[in-house]
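One structure below.
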Amino acid sequence: MIGSNVLVVSVCMNSVNNRHKNVVLIGTTGGIGSALIKQLLQDSDVGHIFAFSRLSAEKPIELCNNKVTYGYLDLYSEKSISQLGVLLESIELDLVLVCSGLLHDDQTQPEKRLSQVNMENFQKLFHINATAPMLIAQQLVPLLNKKRKVVFAVISARVGSISDNRLGGWYGYRASKSALNMLLKTLSIEAQRKLPQSIIVGLHPGTVNTMLSQPFQSKVPAEKLFTPEQSASYLLGVLEALRPEHSGRVFAWDGAEILP
């Protein structure tokens, strides 16, 4: 575990080769983030992975690799996020995957009815699910490789689709993911001007057996409840198939586009 910004830079510079793909993963202590690291390490085209999270726990032994550099990131701190651009300023990035997100915690639960809506929960959901990814983009999109296909992707959710909302409820989470999707669309238009081979997308990972979804799995059919490894594999397959003309959209784990 890298505990200081200076150490992150020194480790990176000794092991990075811009001829290979450089990957940044945000939110790597969750199930999907950890699974993505494992699978990306099997890709011979990947040169280095920069994995950021807010937890400093020791990584599982299978995630300890000289191709992975771990760093601390506090999504509630704009100063912490702003350090990303400084840490990685000399590195051309090929893939940025933001896996962080908030549906519930000890203080926040999805609203079942209007009477449960409150300002504090809305602010927290919008910050983690929409604002923080854009602050990350502000730092990292300028570092994307200008010579080849590059991807900036954020985990979104099908419930962020307005046209797909048939059940209601989950006011804050739905709205924050809808906001994220709009922000990604807007970013994709700006990015195309300087990065014509860029792909800016939202990704719906399906219902994954992680802490985020555990309280809501009871009605999910077994065949539609994915392991993190399944979901990570599906998402990487989707990203591989995407082209610049797909930028600004949201895609599900099976490659199907999710309409606004």
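By order of appearance in the structure tokens: chains A, B, ..., then residues from 1 within every chain, and ligands from 1 in the order shown.
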
- request: Per DSSP on the backbone, filter region 69-202 of chain A down to the residues in strand (DSSP E) and report them as a PyMOL selection string.
  value: chain A and resi 69-72+95-98+150-155+198-202

Contact check, region 71-154 of chain A to region 32-46 of chain A, at most 12 Å, counting only C-alpha atoms, closest pairs as JSON lines:
{"residue": "A:Leu93", "atom": "CA", "partner": "A:Val46", "partner_atom": "CA", "distance": 10.8}
{"residue": "A:Asp94", "atom": "CA", "partner": "A:Val46", "partner_atom": "CA", "distance": 9.2}
{"residue": "A:Leu95", "atom": "CA", "partner": "A:Val46", "partner_atom": "CA", "distance": 9.7}
{"residue": "A:Val96", "atom": "CA", "partner": "A:Leu36", "partner_atom": "CA", "distance": 11.7}
{"residue": "A:Leu97", "atom": "CA", "partner": "A:Gly33", "partner_atom": "CA", "distance": 8.8}
{"residue": "A:Val98", "atom": "CA", "partner": "A:Gly33", "partner_atom": "CA", "distance": 8.7}
{"residue": "A:Cys99", "atom": "CA", "partner": "A:Gly33", "partner_atom": "CA", "distance": 6.1}
{"residue": "A:Ser100", "atom": "CA", "partner": "A:Gly33", "partner_atom": "CA", "distance": 8.3}
{"residue": "A:Gly101", "atom": "CA", "partner": "A:Ile32", "partner_atom": "CA", "distance": 11.2}
{"residue": "A:Val154", "atom": "CA", "partner": "A:Gly33", "partner_atom": "CA", "distance": 11.6}

- request: Mind giving me the straight-line distance from CA of Gly206 (chain A) to CA of Val250 (chain A) in Å, one decimal?
  value: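 Separation between CA of Gly206 (chain A) and CA of Val250 (chain A): 12.6 Å.
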
message: With only C-alpha atoms as the counted atoms, please give the residues lying no more than 12 Å from Pro244 (chain A), apart from itself and same-chain residues fewer than 5 positions off, as an MDAnalysis selection string.
response: chainID A and resid 148:152 188:189 191:193 195:201 239 249

Saved selection, atoms kept: N, CA and C atoms, as a PDB file, in the first residue's frame:
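Once written, out_21.pdb looks like this:
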ATOM      1  N   ARG A 148      -4.372   7.056 -29.778  1.00  0.00           N
ATOM      2  CA  ARG A 148      -5.086   5.801 -29.968  1.00  0.00           C
ATOM      3  C   ARG A 148      -6.398   5.811 -29.185  1.00  0.00           C
ATOM      4  N   LYS A 149      -7.174   4.762 -29.352  1.00  0.00           N
ATOM      5  CA  LYS A 149      -8.452   4.637 -28.654  1.00  0.00           C
ATOM      6  C   LYS A 149      -8.235   4.700 -27.150  1.00  0.00           C
ATOM      7  N   VAL A 150      -9.016   5.558 -26.497  1.00  0.00           N
ATOM      8  CA  VAL A 150      -8.943   5.693 -25.042  1.00  0.00           C
ATOM      9  C   VAL A 150     -10.358   5.712 -24.472  1.00  0.00           C
ATOM     10  N   VAL A 151     -10.482   5.305 -23.220  1.00  0.00           N
ATOM     11  CA  VAL A 151     -11.796   5.192 -22.602  1.00  0.00           C
ATOM     12  C   VAL A 151     -11.791   5.831 -21.223  1.00  0.00           C
ATOM     13  N   PHE A 152     -12.814   6.641 -20.960  1.00  0.00           N
ATOM     14  CA  PHE A 152     -13.121   7.107 -19.606  1.00  0.00           C
ATOM     15  C   PHE A 152     -14.523   6.600 -19.307  1.00  0.00           C
ATOM     16  N   SER A 188     -18.433  14.035 -23.215  1.00  0.00           N
ATOM     17  CA  SER A 188     -18.057  13.359 -24.463  1.00  0.00           C
ATOM     18  C   SER A 188     -17.998  14.336 -25.630  1.00  0.00           C
ATOM     19  N   ILE A 189     -18.890  15.322 -25.643  1.00  0.00           N
ATOM     20  CA  ILE A 189     -18.912  16.313 -26.722  1.00  0.00           C
ATOM     21  C   ILE A 189     -17.656  17.171 -26.668  1.00  0.00           C
ATOM     22  N   ALA A 191     -14.772  16.360 -25.171  1.00  0.00           N
ATOM     23  CA  ALA A 191     -13.579  15.535 -25.351  1.00  0.00           C
ATOM     24  C   ALA A 191     -13.298  15.243 -26.817  1.00  0.00           C
ATOM     25  N   GLN A 192     -14.349  15.093 -27.627  1.00  0.00           N
ATOM     26  CA  GLN A 192     -14.166  14.763 -29.040  1.00  0.00           C
ATOM     27  C   GLN A 192     -13.353  15.813 -29.781  1.00  0.00           C
ATOM     28  N   ARG A 193     -13.382  17.042 -29.303  1.00  0.00           N
ATOM     29  CA  ARG A 193     -12.682  18.118 -30.006  1.00  0.00           C
ATOM     30  C   ARG A 193     -11.173  17.948 -29.965  1.00  0.00           C
ATOM     31  N   LEU A 195      -9.749  14.942 -28.463  1.00  0.00           N
ATOM     32  CA  LEU A 195      -9.468  13.509 -28.391  1.00  0.00           C
ATOM     33  C   LEU A 195     -10.465  12.763 -29.273  1.00  0.00           C
ATOM     34  N   PRO A 196     -10.276  12.810 -30.584  1.00  0.00           N
ATOM     35  CA  PRO A 196     -11.269  12.204 -31.490  1.00  0.00           C
ATOM     36  C   PRO A 196     -11.424  10.699 -31.332  1.00  0.00           C
ATOM     37  N   GLN A 197     -10.451  10.035 -30.720  1.00  0.00           N
ATOM     38  CA  GLN A 197     -10.563   8.588 -30.508  1.00  0.00           C
ATOM     39  C   GLN A 197     -11.020   8.245 -29.081  1.00  0.00           C
ATOM     40  N   SER A 198     -11.513   9.239 -28.373  1.00  0.00           N
ATOM     41  CA  SER A 198     -11.947   8.988 -26.992  1.00  0.00           C
ATOM     42  C   SER A 198     -13.350   8.417 -26.942  1.00  0.00           C
ATOM     43  N   ILE A 199     -13.592   7.623 -25.904  1.00  0.00           N
ATOM     44  CA  ILE A 199     -14.906   7.042 -25.634  1.00  0.00           C
ATOM     45  C   ILE A 199     -15.243   7.339 -24.183  1.00  0.00           C
ATOM     46  N   ILE A 200     -16.262   8.151 -23.987  1.00  0.00           N
ATOM     47  CA  ILE A 200     -16.722   8.515 -22.642  1.00  0.00           C
ATOM     48  C   ILE A 200     -18.071   7.843 -22.426  1.00  0.00           C
ATOM     49  N   VAL A 201     -18.157   6.907 -21.490  1.00  0.00           N
ATOM     50  CA  VAL A 201     -19.389   6.136 -21.345  1.00  0.00           C
ATOM     51  C   VAL A 201     -19.730   5.844 -19.891  1.00  0.00           C
ATOM     52  N   LEU A 239     -16.345  -2.741 -23.199  1.00  0.00           N
ATOM     53  CA  LEU A 239     -15.403  -1.663 -23.513  1.00  0.00           C
ATOM     54  C   LEU A 239     -14.553  -2.007 -24.733  1.00  0.00           C
ATOM     55  N   ARG A 249     -22.806   7.633 -24.404  1.00  0.00           N
ATOM     56  CA  ARG A 249     -23.958   6.784 -24.129  1.00  0.00           C
ATOM     57  C   ARG A 249     -23.732   5.948 -22.865  1.00  0.00           C
TER      58      ARG A 249
END

query: Hey, which of A:Leu55, A:Val159, A:Leu167, A:Ala232 ends up closest to Ala179 (chain A)? Count only C-alpha atoms.
result: A:Val159

message: Set the distance at 12 Å and use only C-alpha atoms: which residues neighbour Arg174 (chain A) once local chain neighbours fewer than 4 positions away are removed? I'd like the list as JSON, numbers by chain.
response: {"A": [102, 103, 110, 111, 112, 122, 125, 126, 129, 130, 156, 157, 158, 159, 160, 161, 162, 163, 164, 165, 166, 167, 168, 169, 170, 178, 179, 180, 181, 260]}

Write the residues of the preceding selection, restricted to N, CA, C and O atoms, as a tab-separated table (two decimals), in the first residue's frame.
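Below you can see out-v3.tsv, which holds the result:
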chain	number	residue	atom	x	y	z
A	102	LEU	N	-22.45	5.18	-4.54
A	102	LEU	CA	-23.16	5.10	-3.26
A	102	LEU	C	-24.64	4.87	-3.50
A	102	LEU	O	-25.28	5.61	-4.24
A	103	LEU	N	-25.17	3.83	-2.89
A	103	LEU	CA	-26.60	3.57	-2.85
A	103	LEU	C	-27.12	3.68	-1.42
A	103	LEU	O	-28.17	4.25	-1.16
A	110	PRO	N	-32.10	3.97	0.40
A	110	PRO	CA	-32.94	4.38	-0.73
A	110	PRO	C	-34.36	4.72	-0.27
A	110	PRO	O	-34.96	3.98	0.53
A	111	GLU	N	-34.89	5.82	-0.76
A	111	GLU	CA	-36.22	6.26	-0.35
A	111	GLU	C	-37.30	5.42	-1.03
A	111	GLU	O	-37.24	5.19	-2.23
A	112	LYS	N	-38.26	5.00	-0.25
A	112	LYS	CA	-39.40	4.27	-0.81
A	112	LYS	C	-40.56	5.20	-1.13
A	112	LYS	O	-41.45	4.85	-1.90
A	122	PHE	N	-29.52	13.53	-0.35
A	122	PHE	CA	-29.40	13.95	-1.74
A	122	PHE	C	-28.01	14.48	-2.02
A	122	PHE	O	-27.39	14.14	-3.05
A	125	LEU	N	-25.46	11.57	-2.15
A	125	LEU	CA	-25.61	10.73	-3.33
A	125	LEU	C	-25.13	11.44	-4.59
A	125	LEU	O	-24.44	10.86	-5.43
A	126	PHE	N	-25.51	12.71	-4.73
A	126	PHE	CA	-25.08	13.44	-5.91
A	126	PHE	C	-23.58	13.67	-5.91
A	126	PHE	O	-22.94	13.64	-6.97
A	129	ASN	N	-21.92	10.03	-6.66
A	129	ASN	CA	-22.33	9.41	-7.92
A	129	ASN	C	-22.19	10.31	-9.15
A	129	ASN	O	-22.11	9.80	-10.27
A	130	ALA	N	-22.17	11.62	-8.96
A	130	ALA	CA	-22.13	12.52	-10.12
A	130	ALA	C	-21.00	13.53	-10.05
A	130	ALA	O	-20.21	13.64	-10.99
A	156	SER	N	-22.47	3.34	-13.91
A	156	SER	CA	-23.76	4.00	-13.77
A	156	SER	C	-24.77	2.95	-13.32
A	156	SER	O	-24.41	2.01	-12.61
A	157	ALA	N	-26.02	3.10	-13.70
A	157	ALA	CA	-27.05	2.13	-13.29
A	157	ALA	C	-28.26	2.26	-14.21
A	157	ALA	O	-28.59	3.36	-14.66
A	158	ARG	N	-28.91	1.14	-14.45
A	158	ARG	CA	-30.11	1.17	-15.29
A	158	ARG	C	-31.19	2.05	-14.67
A	158	ARG	O	-31.98	2.68	-15.38
A	159	VAL	N	-31.22	2.13	-13.34
A	159	VAL	CA	-32.27	2.93	-12.69
A	159	VAL	C	-32.08	4.42	-12.93
A	159	VAL	O	-32.95	5.22	-12.60
A	160	GLY	N	-30.96	4.82	-13.53
A	160	GLY	CA	-30.78	6.21	-13.91
A	160	GLY	C	-31.50	6.59	-15.19
A	160	GLY	O	-31.55	7.77	-15.55
A	161	SER	N	-32.07	5.60	-15.87
A	161	SER	CA	-32.82	5.86	-17.10
A	161	SER	C	-34.22	6.36	-16.76
A	161	SER	O	-34.98	5.68	-16.06
A	162	ILE	N	-34.57	7.53	-17.25
A	162	ILE	CA	-35.91	8.08	-17.01
A	162	ILE	C	-36.96	7.25	-17.73
A	162	ILE	O	-38.02	6.93	-17.17
A	163	SER	N	-36.68	6.87	-18.96
A	163	SER	CA	-37.66	6.11	-19.74
A	163	SER	C	-37.89	4.71	-19.19
A	163	SER	O	-38.92	4.09	-19.45
A	164	ASP	N	-36.92	4.19	-18.42
A	164	ASP	CA	-37.03	2.83	-17.89
A	164	ASP	C	-37.61	2.79	-16.48
A	164	ASP	O	-37.78	1.72	-15.90
A	165	ASN	N	-37.93	3.96	-15.93
A	165	ASN	CA	-38.41	4.02	-14.54
A	165	ASN	C	-39.89	3.63	-14.48
A	165	ASN	O	-40.77	4.42	-14.77
A	166	ARG	N	-40.14	2.39	-14.06
A	166	ARG	CA	-41.50	1.88	-13.96
A	166	ARG	C	-41.94	1.62	-12.53
A	166	ARG	O	-43.12	1.41	-12.26
A	167	LEU	N	-40.98	1.60	-11.59
A	167	LEU	CA	-41.30	1.22	-10.22
A	167	LEU	C	-41.29	2.40	-9.25
A	167	LEU	O	-41.85	2.30	-8.16
A	168	GLY	N	-40.67	3.52	-9.63
A	168	GLY	CA	-40.58	4.65	-8.72
A	168	GLY	C	-39.63	4.38	-7.58
A	168	GLY	O	-38.89	3.40	-7.56
A	169	GLY	N	-39.66	5.24	-6.56
A	169	GLY	CA	-38.77	5.09	-5.42
A	169	GLY	C	-37.32	5.40	-5.75
A	169	GLY	O	-36.98	5.77	-6.87
A	170	TRP	N	-36.46	5.27	-4.74
A	170	TRP	CA	-35.02	5.50	-4.89
A	170	TRP	C	-34.76	6.87	-5.54
A	170	TRP	O	-33.95	7.00	-6.46
A	178	SER	N	-28.94	9.61	-13.16
A	178	SER	CA	-29.39	10.36	-14.34
A	178	SER	C	-28.49	11.57	-14.57
A	178	SER	O	-28.11	11.88	-15.71
A	179	ALA	N	-28.15	12.26	-13.48
A	179	ALA	CA	-27.24	13.40	-13.59
A	179	ALA	C	-25.88	12.97	-14.12
A	179	ALA	O	-25.29	13.64	-14.98
A	180	LEU	N	-25.38	11.86	-13.61
A	180	LEU	CA	-24.10	11.33	-14.10
A	180	LEU	C	-24.15	11.09	-15.60
A	180	LEU	O	-23.24	11.47	-16.34
A	181	ASN	N	-25.23	10.47	-16.07
A	181	ASN	CA	-25.34	10.16	-17.50
A	181	ASN	C	-25.34	11.42	-18.35
A	181	ASN	O	-24.72	11.47	-19.42
A	260	PRO	N	-31.85	7.10	-22.34
A	260	PRO	CA	-32.05	8.11	-21.28
A	260	PRO	C	-33.45	8.04	-20.68
A	260	PRO	O	-34.37	7.58	-21.34

With only C-alpha atoms as the counted atoms, please give the residues lying no more than 9 Å from Gly255 (chain A), apart from itself and same-chain residues fewer than 4 positions off, as a PDB file with N, CA and C atoms, in the first residue's frame.
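Written output follows (around-v8.pdb):
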ATOM      1  N   TYR A 234     -17.746  -9.107 -18.200  1.00  0.00           N
ATOM      2  CA  TYR A 234     -18.729  -8.546 -19.130  1.00  0.00           C
ATOM      3  C   TYR A 234     -18.380  -7.092 -19.475  1.00  0.00           C
ATOM      4  N   LEU A 235     -18.049  -6.305 -18.465  1.00  0.00           N
ATOM      5  CA  LEU A 235     -17.792  -4.879 -18.690  1.00  0.00           C
ATOM      6  C   LEU A 235     -16.546  -4.667 -19.555  1.00  0.00           C
ATOM      7  N   GLY A 237     -15.443  -6.698 -21.745  1.00  0.00           N
ATOM      8  CA  GLY A 237     -15.842  -7.092 -23.093  1.00  0.00           C
ATOM      9  C   GLY A 237     -16.611  -5.995 -23.800  1.00  0.00           C
ATOM     10  N   VAL A 238     -17.489  -5.310 -23.070  1.00  0.00           N
ATOM     11  CA  VAL A 238     -18.241  -4.193 -23.640  1.00  0.00           C
ATOM     12  C   VAL A 238     -17.282  -3.086 -24.068  1.00  0.00           C
ATOM     13  N   LEU A 239     -16.345  -2.741 -23.199  1.00  0.00           N
ATOM     14  CA  LEU A 239     -15.403  -1.663 -23.513  1.00  0.00           C
ATOM     15  C   LEU A 239     -14.553  -2.007 -24.733  1.00  0.00           C
ATOM     16  N   ALA A 241     -15.421  -3.659 -27.285  1.00  0.00           N
ATOM     17  CA  ALA A 241     -16.220  -3.564 -28.517  1.00  0.00           C
ATOM     18  C   ALA A 241     -16.613  -2.142 -28.871  1.00  0.00           C
ATOM     19  N   LEU A 242     -16.533  -1.216 -27.929  1.00  0.00           N
ATOM     20  CA  LEU A 242     -16.987   0.148 -28.189  1.00  0.00           C
ATOM     21  C   LEU A 242     -16.030   0.901 -29.107  1.00  0.00           C
ATOM     22  N   PHE A 251     -24.118   1.916 -21.464  1.00  0.00           N
ATOM     23  CA  PHE A 251     -24.269   0.542 -21.930  1.00  0.00           C
ATOM     24  C   PHE A 251     -24.351  -0.423 -20.758  1.00  0.00           C
TER      25      PHE A 251
END

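You can rank A:Leu135, A:His20, A:Leu75, A:Tyr171 by their closest distance to Met119 (chain A) using only C-alpha atoms, and at the top of that list sits A:Tyr171.
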
- prompt: So which bits of region 37-190 of chain A end up alpha helix (DSSP H) when you DSSP the backbone, as a count of residues only?
  reply: 51

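Taking CA of Phe50 (chain A) and CA of Lys79 (chain A) as endpoints, the distance between them is 18.5 Å.
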
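Restricting the calculation to only C-alpha atoms, the smallest distance between Glu92 (chain A) and any of A:Gly71, A:Gly47, A:Gly31, A:Pro133 is found for A:Gly47.
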
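Note that the spacing between CA of Asn209 (chain A) and CA of Asp106 (chain A) amounts to 18.9 Å.
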